[in-house]
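These notes concern the structure reproduced below.
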Amino acid sequence: MAARTHGLEVERDLATIVTPVGEMLAAATKTHLVLFEFAHRRMLPVQLQRLEAAVGGELVAGESAIIVQLRRELDEYFRGTRREFTVPLYTPGTPFQMKVWDELLRIPVGTTTTYARVASAIGQPNAVRAVARANGDNRIAILIPCHRVIGSDGSLTGYGGGLSRKKKLLDLEARAVELQLELSS
């Protein structure tokens with residue numbers, strides 16, 4: 001499971017990472033990943049502004065050790081050999097958002113849950129819409145697996161990267177789990 005920790009250092013790097021689901025933008029301090037988002041997401045400029053305020057400065061092109069680690073772990077994830085990320089994360093948000101993001105980190109690879117189940121799991125069963133909003137405010141795509149949250153009727157619903165990417169990620173994870181089960185039997 002990726003860990004959300006604090007204690008940032010000054011270096012703030014920004015890098016483009018090409019993945020099988022499209023071009024993504026990664027931002028990291030010397031010690032933490034602070035953003036991993038689809039490069040052409042509509043809300044990206046707003047996210048970057050908020051992020052720069054949260055980390056205390058401008059993000060500049062660079063390739064920190066955190067981004068190198070992210071690239072390696074993503075390669076393993078997309079090959080189906082990695083089920084959990086170890087890249088340290090820094091995800092500032094409201095206490096409610098942080099509860100939701102922590103709960104998202106508990107959703108196992110190859111499974112899905114609903115906004116209602118997430119709301120219940122954080123002890124606020126009537127906060128389904130707020131959970132959906134916090135899910136959408138997640139700035140660390142894939143690693144904090146907001147793509148694993150679906151509608152109560154089983155339908156794929158809202159995803160900042162687009163529903164086709166959400167489906168690709170869920171299909172990739174399902175195949176990786178199937179392969180692991182085949183190899184272990």
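By convention in this document, the chains of the structure tokens carry letters A, B, ... by their order, each chain's residues are numbered from 1, and ligands are numbered from 1 in the order they are shown.
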- Message: I'd like the contact shell of A:His147 - 9 Å cut-off, only C-alpha atoms, skipping same-chain residues fewer than 3 positions apart - returned as number ranges by chain.
- Response: A: 112, 135, 141-142, 144, 150, 156, 158-159, 163, 165-167, 169-170
- Identify all residues of chain A in strand (DSSP E) (DSSP on the backbone) and supply them as an NGL selection string. :A and (3-4 or 12-19 or 22-29 or 33-38 or 60-61 or 88-89 or 113-114 or 149-150)
Generate the output file for the selected residues, C-alpha atoms, as a PDB file, in the first residue's frame.
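Written out: again_15.pdb:
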ATOM      1  CA  ALA A   3       1.970   5.485   2.307  1.00  0.00           C
ATOM      2  CA  ARG A   4       0.761   9.031   2.857  1.00  0.00           C
ATOM      3  CA  ARG A  12      10.029  20.202  -6.309  1.00  0.00           C
ATOM      4  CA  ASP A  13      10.292  18.334  -9.628  1.00  0.00           C
ATOM      5  CA  LEU A  14       7.775  17.941 -12.425  1.00  0.00           C
ATOM      6  CA  ALA A  15       8.031  15.210 -15.089  1.00  0.00           C
ATOM      7  CA  THR A  16       5.937  13.746 -17.891  1.00  0.00           C
ATOM      8  CA  ILE A  17       5.436   9.992 -17.813  1.00  0.00           C
ATOM      9  CA  VAL A  18       4.012   8.148 -20.795  1.00  0.00           C
ATOM     10  CA  THR A  19       1.861   5.200 -19.675  1.00  0.00           C
ATOM     11  CA  GLY A  22      -1.909   8.068 -21.689  1.00  0.00           C
ATOM     12  CA  GLU A  23       0.518  10.817 -20.870  1.00  0.00           C
ATOM     13  CA  MET A  24       0.638  11.719 -17.178  1.00  0.00           C
ATOM     14  CA  LEU A  25       2.280  14.423 -15.119  1.00  0.00           C
ATOM     15  CA  ALA A  26       4.182  13.573 -11.935  1.00  0.00           C
ATOM     16  CA  ALA A  27       5.307  16.095  -9.335  1.00  0.00           C
ATOM     17  CA  ALA A  28       7.538  15.220  -6.424  1.00  0.00           C
ATOM     18  CA  THR A  29       9.569  16.765  -3.695  1.00  0.00           C
ATOM     19  CA  LEU A  33       5.176  12.151  -4.715  1.00  0.00           C
ATOM     20  CA  VAL A  34       2.711  15.046  -4.550  1.00  0.00           C
ATOM     21  CA  LEU A  35       0.877  14.684  -7.873  1.00  0.00           C
ATOM     22  CA  PHE A  36       0.301  12.038 -10.518  1.00  0.00           C
ATOM     23  CA  GLU A  37      -2.394  13.093 -12.916  1.00  0.00           C
ATOM     24  CA  PHE A  38      -3.431  12.780 -16.557  1.00  0.00           C
ATOM     25  CA  VAL A  60      10.150  22.796 -12.141  1.00  0.00           C
ATOM     26  CA  ALA A  61      11.134  20.159 -14.690  1.00  0.00           C
ATOM     27  CA  PRO A  88       5.871   7.808  -0.400  1.00  0.00           C
ATOM     28  CA  LEU A  89       2.947  10.192  -0.919  1.00  0.00           C
ATOM     29  CA  THR A 113     -16.258  -0.667  -4.302  1.00  0.00           C
ATOM     30  CA  THR A 114     -18.948   2.008  -4.363  1.00  0.00           C
ATOM     31  CA  VAL A 149     -14.826   3.247  -7.112  1.00  0.00           C
ATOM     32  CA  ILE A 150     -17.961   2.610  -9.175  1.00  0.00           C
TER      33      ILE A 150
END
Distance query A:Tyr115 at most 8 Å, only C-alpha atoms, self and fewer than 3 positions along chain excluded, as a CSV table (one decimal) with N, CA, C and O atoms, in the first residue's frame:
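As written to disk, part06.csv reads:
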chain,number,residue,atom,x,y,z
A,118,VAL,N,-17.7,3.4,0.6
A,118,VAL,CA,-16.6,4.2,1.1
A,118,VAL,C,-17.1,5.1,2.2
A,118,VAL,O,-16.5,5.3,3.3
A,119,ALA,N,-18.3,5.7,1.9
A,119,ALA,CA,-18.9,6.6,2.9
A,119,ALA,C,-19.2,5.9,4.2
A,119,ALA,O,-18.9,6.4,5.3
A,128,VAL,N,-22.3,10.4,0.7
A,128,VAL,CA,-22.0,9.7,-0.6
A,128,VAL,C,-21.5,10.8,-1.6
A,128,VAL,O,-20.5,10.6,-2.2
A,129,ARG,N,-22.2,11.9,-1.7
A,129,ARG,CA,-21.8,12.9,-2.6
A,129,ARG,C,-20.5,13.6,-2.2
A,129,ARG,O,-19.6,13.8,-3.1
A,131,VAL,N,-18.1,12.1,-0.6
A,131,VAL,CA,-17.1,11.1,-0.9
A,131,VAL,C,-16.8,11.1,-2.4
A,131,VAL,O,-15.6,11.1,-2.8
A,132,ALA,N,-17.8,11.2,-3.3
A,132,ALA,CA,-17.6,11.3,-4.7
A,132,ALA,C,-16.7,12.6,-5.0
A,132,ALA,O,-15.8,12.5,-5.9
A,149,VAL,N,-13.5,2.9,-7.7
A,149,VAL,CA,-14.8,3.2,-7.1
A,149,VAL,C,-15.8,3.4,-8.3
A,149,VAL,O,-15.6,4.1,-9.2
A,150,ILE,N,-16.9,2.6,-8.1
A,150,ILE,CA,-18.0,2.6,-9.2
A,150,ILE,C,-19.3,3.0,-8.6
A,150,ILE,O,-19.5,3.1,-7.4
A,151,GLY,N,-20.3,3.1,-9.4
A,151,GLY,CA,-21.7,3.5,-9.0
A,151,GLY,C,-22.3,2.3,-8.3
A,151,GLY,O,-21.9,1.1,-8.5
A,152,SER,N,-23.3,2.5,-7.4
A,152,SER,CA,-24.0,1.5,-6.7
A,152,SER,C,-24.6,0.5,-7.6
A,152,SER,O,-24.8,-0.7,-7.2
DSSP on the backbone, then: every residue of chain A marked helix (DSSP H, G or I), written as an mmCIF file with N, CA and C atoms, in the first residue's frame.
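Below you can see selection_32.cif, which holds the result:
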data_model
loop_
_atom_site.group_PDB
_atom_site.id
_atom_site.type_symbol
_atom_site.label_atom_id
_atom_site.label_comp_id
_atom_site.auth_asym_id
_atom_site.auth_seq_id
_atom_site.Cartn_x
_atom_site.Cartn_y
_atom_site.Cartn_z
ATOM 1 N N LEU A 44 -6.334 20.180 -14.171
ATOM 2 C CA LEU A 44 -4.908 20.137 -13.865
ATOM 3 C C LEU A 44 -4.312 21.509 -13.513
ATOM 4 N N PRO A 45 -4.595 22.573 -14.252
ATOM 5 C CA PRO A 45 -4.007 23.863 -13.872
ATOM 6 C C PRO A 45 -4.389 24.304 -12.450
ATOM 7 N N VAL A 46 -5.630 24.065 -12.060
ATOM 8 C CA VAL A 46 -6.075 24.419 -10.711
ATOM 9 C C VAL A 46 -5.348 23.544 -9.689
ATOM 10 N N GLN A 47 -5.232 22.253 -9.985
ATOM 11 C CA GLN A 47 -4.519 21.345 -9.075
ATOM 12 C C GLN A 47 -3.071 21.779 -8.895
ATOM 13 N N LEU A 48 -2.412 22.158 -9.975
ATOM 14 C CA LEU A 48 -1.018 22.577 -9.892
ATOM 15 C C LEU A 48 -0.876 23.844 -9.044
ATOM 16 N N GLN A 49 -1.804 24.802 -9.196
ATOM 17 C CA GLN A 49 -1.760 26.012 -8.372
ATOM 18 C C GLN A 49 -1.905 25.675 -6.895
ATOM 19 N N ARG A 50 -2.886 24.844 -6.574
ATOM 20 C CA ARG A 50 -3.098 24.445 -5.176
ATOM 21 C C ARG A 50 -1.890 23.706 -4.632
ATOM 22 N N LEU A 51 -1.324 22.861 -5.462
ATOM 23 C CA LEU A 51 -0.181 22.069 -5.051
ATOM 24 C C LEU A 51 1.033 22.948 -4.771
ATOM 25 N N GLU A 52 1.295 23.898 -5.648
ATOM 26 C CA GLU A 52 2.431 24.795 -5.428
ATOM 27 C C GLU A 52 2.271 25.572 -4.128
ATOM 28 N N ALA A 53 1.043 25.960 -3.807
ATOM 29 C CA ALA A 53 0.799 26.638 -2.524
ATOM 30 C C ALA A 53 1.055 25.684 -1.357
ATOM 31 N N ALA A 54 0.641 24.438 -1.510
ATOM 32 C CA ALA A 54 0.793 23.452 -0.430
ATOM 33 C C ALA A 54 2.248 23.071 -0.190
ATOM 34 N N VAL A 55 3.059 23.007 -1.262
ATOM 35 C CA VAL A 55 4.456 22.601 -1.089
ATOM 36 C C VAL A 55 5.395 23.795 -0.986
ATOM 37 N N ALA A 65 14.611 11.262 -7.303
ATOM 38 C CA ALA A 65 14.637 9.823 -7.015
ATOM 39 C C ALA A 65 13.218 9.284 -6.855
ATOM 40 N N ILE A 66 12.309 10.094 -6.359
ATOM 41 C CA ILE A 66 10.907 9.681 -6.195
ATOM 42 C C ILE A 66 10.282 9.422 -7.565
ATOM 43 N N ILE A 67 10.553 10.278 -8.524
ATOM 44 C CA ILE A 67 9.996 10.092 -9.870
ATOM 45 C C ILE A 67 10.623 8.865 -10.533
ATOM 46 N N VAL A 68 11.893 8.636 -10.312
ATOM 47 C CA VAL A 68 12.548 7.429 -10.835
ATOM 48 C C VAL A 68 11.878 6.187 -10.233
ATOM 49 N N GLN A 69 11.635 6.201 -8.925
ATOM 50 C CA GLN A 69 10.954 5.080 -8.268
ATOM 51 C C GLN A 69 9.551 4.901 -8.831
ATOM 52 N N LEU A 70 8.833 6.008 -9.039
ATOM 53 C CA LEU A 70 7.484 5.944 -9.604
ATOM 54 C C LEU A 70 7.513 5.286 -10.985
ATOM 55 N N ARG A 71 8.447 5.695 -11.827
ATOM 56 C CA ARG A 71 8.547 5.109 -13.170
ATOM 57 C C ARG A 71 8.741 3.592 -13.089
ATOM 58 N N ARG A 72 9.630 3.147 -12.208
ATOM 59 C CA ARG A 72 9.904 1.715 -12.064
ATOM 60 C C ARG A 72 8.661 0.971 -11.578
ATOM 61 N N GLU A 73 7.992 1.509 -10.562
ATOM 62 C CA GLU A 73 6.813 0.838 -10.014
ATOM 63 C C GLU A 73 5.651 0.843 -11.003
ATOM 64 N N LEU A 74 5.503 1.915 -11.768
ATOM 65 C CA LEU A 74 4.447 1.950 -12.793
ATOM 66 C C LEU A 74 4.711 0.919 -13.882
ATOM 67 N N ASP A 75 5.975 0.780 -14.285
ATOM 68 C CA ASP A 75 6.316 -0.222 -15.292
ATOM 69 C C ASP A 75 5.908 -1.610 -14.792
ATOM 70 N N GLU A 76 6.222 -1.917 -13.547
ATOM 71 C CA GLU A 76 5.852 -3.210 -12.968
ATOM 72 C C GLU A 76 4.329 -3.357 -12.873
ATOM 73 N N TYR A 77 3.640 -2.287 -12.488
ATOM 74 C CA TYR A 77 2.176 -2.305 -12.392
ATOM 75 C C TYR A 77 1.553 -2.603 -13.758
ATOM 76 N N PHE A 78 1.997 -1.909 -14.786
ATOM 77 C CA PHE A 78 1.408 -2.098 -16.111
ATOM 78 C C PHE A 78 1.800 -3.441 -16.734
ATOM 79 N N ARG A 79 2.880 -4.054 -16.264
ATOM 80 C CA ARG A 79 3.229 -5.410 -16.701
ATOM 81 C C ARG A 79 2.444 -6.454 -15.905
ATOM 82 N N PRO A 95 -9.472 17.238 6.371
ATOM 83 C CA PRO A 95 -9.533 15.974 7.118
ATOM 84 C C PRO A 95 -10.485 14.965 6.463
ATOM 85 N N PHE A 96 -11.610 15.427 5.933
ATOM 86 C CA PHE A 96 -12.554 14.523 5.267
ATOM 87 C C PHE A 96 -11.920 13.901 4.026
ATOM 88 N N GLN A 97 -11.302 14.722 3.180
ATOM 89 C CA GLN A 97 -10.661 14.196 1.980
ATOM 90 C C GLN A 97 -9.607 13.157 2.343
ATOM 91 N N MET A 98 -8.819 13.447 3.347
ATOM 92 C CA MET A 98 -7.757 12.525 3.733
ATOM 93 C C MET A 98 -8.325 11.205 4.244
ATOM 94 N N LYS A 99 -9.476 11.237 4.924
ATOM 95 C CA LYS A 99 -10.138 9.982 5.334
ATOM 96 C C LYS A 99 -10.557 9.177 4.105
ATOM 97 N N VAL A 100 -11.139 9.865 3.135
ATOM 98 C CA VAL A 100 -11.573 9.184 1.907
ATOM 99 C C VAL A 100 -10.369 8.597 1.187
ATOM 100 N N TRP A 101 -9.298 9.379 1.015
ATOM 101 C CA TRP A 101 -8.121 8.887 0.291
ATOM 102 C C TRP A 101 -7.480 7.711 1.029
ATOM 103 N N ASP A 102 -7.458 7.765 2.354
ATOM 104 C CA ASP A 102 -6.932 6.628 3.124
ATOM 105 C C ASP A 102 -7.778 5.377 2.871
ATOM 106 N N GLU A 103 -9.079 5.563 2.780
ATOM 107 C CA GLU A 103 -9.969 4.419 2.522
ATOM 108 C C GLU A 103 -9.752 3.876 1.108
ATOM 109 N N LEU A 104 -9.514 4.759 0.148
ATOM 110 C CA LEU A 104 -9.245 4.306 -1.222
ATOM 111 C C LEU A 104 -8.006 3.415 -1.257
ATOM 112 N N TYR A 115 -19.181 4.358 -3.938
ATOM 113 C CA TYR A 115 -19.087 5.573 -3.131
ATOM 114 C C TYR A 115 -19.819 5.373 -1.804
ATOM 115 N N ALA A 116 -20.954 4.681 -1.839
ATOM 116 C CA ALA A 116 -21.723 4.432 -0.616
ATOM 117 C C ALA A 116 -20.933 3.580 0.371
ATOM 118 N N ARG A 117 -20.234 2.563 -0.128
ATOM 119 C CA ARG A 117 -19.426 1.724 0.768
ATOM 120 C C ARG A 117 -18.269 2.508 1.369
ATOM 121 N N VAL A 118 -17.662 3.387 0.583
ATOM 122 C CA VAL A 118 -16.578 4.220 1.107
ATOM 123 C C VAL A 118 -17.134 5.137 2.198
ATOM 124 N N ALA A 119 -18.291 5.739 1.931
ATOM 125 C CA ALA A 119 -18.910 6.624 2.932
ATOM 126 C C ALA A 119 -19.175 5.862 4.224
ATOM 127 N N SER A 120 -19.703 4.656 4.134
ATOM 128 C CA SER A 120 -19.960 3.839 5.323
ATOM 129 C C SER A 120 -18.663 3.477 6.030
ATOM 130 N N ALA A 121 -17.645 3.131 5.256
ATOM 131 C CA ALA A 121 -16.364 2.706 5.832
ATOM 132 C C ALA A 121 -15.690 3.818 6.630
ATOM 133 N N VAL A 128 -22.334 10.352 0.730
ATOM 134 C CA VAL A 128 -21.960 9.738 -0.552
ATOM 135 C C VAL A 128 -21.501 10.790 -1.561
ATOM 136 N N ARG A 129 -22.209 11.882 -1.665
ATOM 137 C CA ARG A 129 -21.809 12.931 -2.628
ATOM 138 C C ARG A 129 -20.477 13.554 -2.248
ATOM 139 N N ALA A 130 -20.275 13.775 -0.954
ATOM 140 C CA ALA A 130 -18.997 14.339 -0.497
ATOM 141 C C ALA A 130 -17.857 13.364 -0.766
ATOM 142 N N VAL A 131 -18.105 12.070 -0.631
ATOM 143 C CA VAL A 131 -17.097 11.058 -0.946
ATOM 144 C C VAL A 131 -16.766 11.124 -2.440
ATOM 145 N N ALA A 132 -17.791 11.247 -3.272
ATOM 146 C CA ALA A 132 -17.556 11.343 -4.716
ATOM 147 C C ALA A 132 -16.717 12.576 -5.046
ATOM 148 N N ARG A 133 -16.996 13.663 -4.373
ATOM 149 C CA ARG A 133 -16.231 14.905 -4.599
ATOM 150 C C ARG A 133 -14.768 14.721 -4.173
ATOM 151 N N ALA A 134 -14.562 14.140 -2.990
ATOM 152 C CA ALA A 134 -13.193 13.899 -2.502
ATOM 153 C C ALA A 134 -12.467 12.940 -3.437
ATOM 154 N N ASN A 135 -13.177 11.939 -3.938
ATOM 155 C CA ASN A 135 -12.610 10.994 -4.895
ATOM 156 C C ASN A 135 -12.115 11.750 -6.131
ATOM 157 N N GLY A 136 -12.923 12.683 -6.598
ATOM 158 C CA GLY A 136 -12.553 13.482 -7.764
ATOM 159 C C GLY A 136 -11.420 14.461 -7.498
ATOM 160 N N CYS A 146 -8.647 5.746 -7.063
ATOM 161 C CA CYS A 146 -10.011 6.257 -7.212
ATOM 162 C C CYS A 146 -10.723 5.587 -8.387
ATOM 163 N N HIS A 147 -9.960 4.978 -9.309
ATOM 164 C CA HIS A 147 -10.572 4.280 -10.452
ATOM 165 C C HIS A 147 -11.314 3.025 -10.004
ATOM 166 N N ARG A 148 -11.078 2.557 -8.787
ATOM 167 C CA ARG A 148 -11.737 1.343 -8.285
ATOM 168 C C ARG A 148 -13.093 1.628 -7.655
ATOM 169 N N LEU A 163 -13.736 7.683 -18.665
ATOM 170 C CA LEU A 163 -14.241 6.342 -18.373
ATOM 171 C C LEU A 163 -13.503 5.253 -19.146
ATOM 172 N N SER A 164 -13.022 5.558 -20.341
ATOM 173 C CA SER A 164 -12.292 4.526 -21.096
ATOM 174 C C SER A 164 -10.991 4.162 -20.377
ATOM 175 N N ARG A 165 -10.321 5.139 -19.778
ATOM 176 C CA ARG A 165 -9.100 4.847 -19.020
ATOM 177 C C ARG A 165 -9.430 4.087 -17.738
ATOM 178 N N LYS A 166 -10.527 4.449 -17.100
ATOM 179 C CA LYS A 166 -10.948 3.747 -15.885
ATOM 180 C C LYS A 166 -11.171 2.272 -16.208
ATOM 181 N N LYS A 167 -11.855 2.006 -17.308
ATOM 182 C CA LYS A 167 -12.112 0.621 -17.718
ATOM 183 C C LYS A 167 -10.807 -0.104 -18.011
ATOM 184 N N LYS A 168 -9.875 0.552 -18.709
ATOM 185 C CA LYS A 168 -8.585 -0.073 -19.008
ATOM 186 C C LYS A 168 -7.838 -0.439 -17.729
ATOM 187 N N LEU A 169 -7.846 0.459 -16.749
ATOM 188 C CA LEU A 169 -7.151 0.185 -15.489
ATOM 189 C C LEU A 169 -7.799 -0.985 -14.753
ATOM 190 N N LEU A 170 -9.130 -0.998 -14.689
ATOM 191 C CA LEU A 170 -9.824 -2.097 -14.014
ATOM 192 C C LEU A 170 -9.591 -3.423 -14.736
ATOM 193 N N ASP A 171 -9.608 -3.407 -16.060
ATOM 194 C CA ASP A 171 -9.349 -4.625 -16.837
ATOM 195 C C ASP A 171 -7.917 -5.116 -16.620
ATOM 196 N N LEU A 172 -6.956 -4.202 -16.625
ATOM 197 C CA LEU A 172 -5.560 -4.550 -16.388
ATOM 198 C C LEU A 172 -5.398 -5.224 -15.027
ATOM 199 N N GLU A 173 -6.013 -4.641 -14.004
ATOM 200 C CA GLU A 173 -5.895 -5.200 -12.652
ATOM 201 C C GLU A 173 -6.579 -6.567 -12.550
ATOM 202 N N ALA A 174 -7.721 -6.722 -13.199
ATOM 203 C CA ALA A 174 -8.427 -8.011 -13.172
ATOM 204 C C ALA A 174 -7.570 -9.095 -13.842
ATOM 205 N N ARG A 175 -6.937 -8.756 -14.969
ATOM 206 C CA ARG A 175 -6.068 -9.718 -15.660
ATOM 207 C C ARG A 175 -4.861 -10.083 -14.796
ATOM 208 N N ALA A 176 -4.282 -9.099 -14.110
ATOM 209 C CA ALA A 176 -3.121 -9.368 -13.246
ATOM 210 C C ALA A 176 -3.493 -10.307 -12.112
ATOM 211 N N VAL A 177 -4.677 -10.109 -11.531
ATOM 212 C CA VAL A 177 -5.135 -10.994 -10.451
ATOM 213 C C VAL A 177 -5.388 -12.391 -10.990
ATOM 214 N N GLU A 178 -6.027 -12.500 -12.152
ATOM 215 C CA GLU A 178 -6.280 -13.810 -12.779
ATOM 216 C C GLU A 178 -4.964 -14.539 -13.055
ATOM 217 N N LEU A 179 -3.994 -13.822 -13.584
ATOM 218 C CA LEU A 179 -2.696 -14.421 -13.887
ATOM 219 C C LEU A 179 -2.024 -14.920 -12.615
ATOM 220 N N GLN A 180 -2.071 -14.127 -11.575
ATOM 221 C CA GLN A 180 -1.462 -14.555 -10.320
ATOM 222 C C GLN A 180 -2.145 -15.802 -9.769
ATOM 223 N N LEU A 181 -3.477 -15.854 -9.875
ATOM 224 C CA LEU A 181 -4.215 -17.035 -9.409
ATOM 225 C C LEU A 181 -3.827 -18.274 -10.224
ATOM 226 N N GLU A 182 -3.683 -18.114 -11.538
ATOM 227 C CA GLU A 182 -3.289 -19.232 -12.398
ATOM 228 C C GLU A 182 -1.893 -19.724 -12.035
ATOM 229 N N LEU A 183 -0.989 -18.789 -11.779
ATOM 230 C CA LEU A 183 0.378 -19.167 -11.462
ATOM 231 C C LEU A 183 0.500 -19.850 -10.106
ATOM 232 N N SER A 184 -0.391 -19.508 -9.187
ATOM 233 C CA SER A 184 -0.311 -20.073 -7.840
ATOM 234 C C SER A 184 -1.045 -21.403 -7.708
#
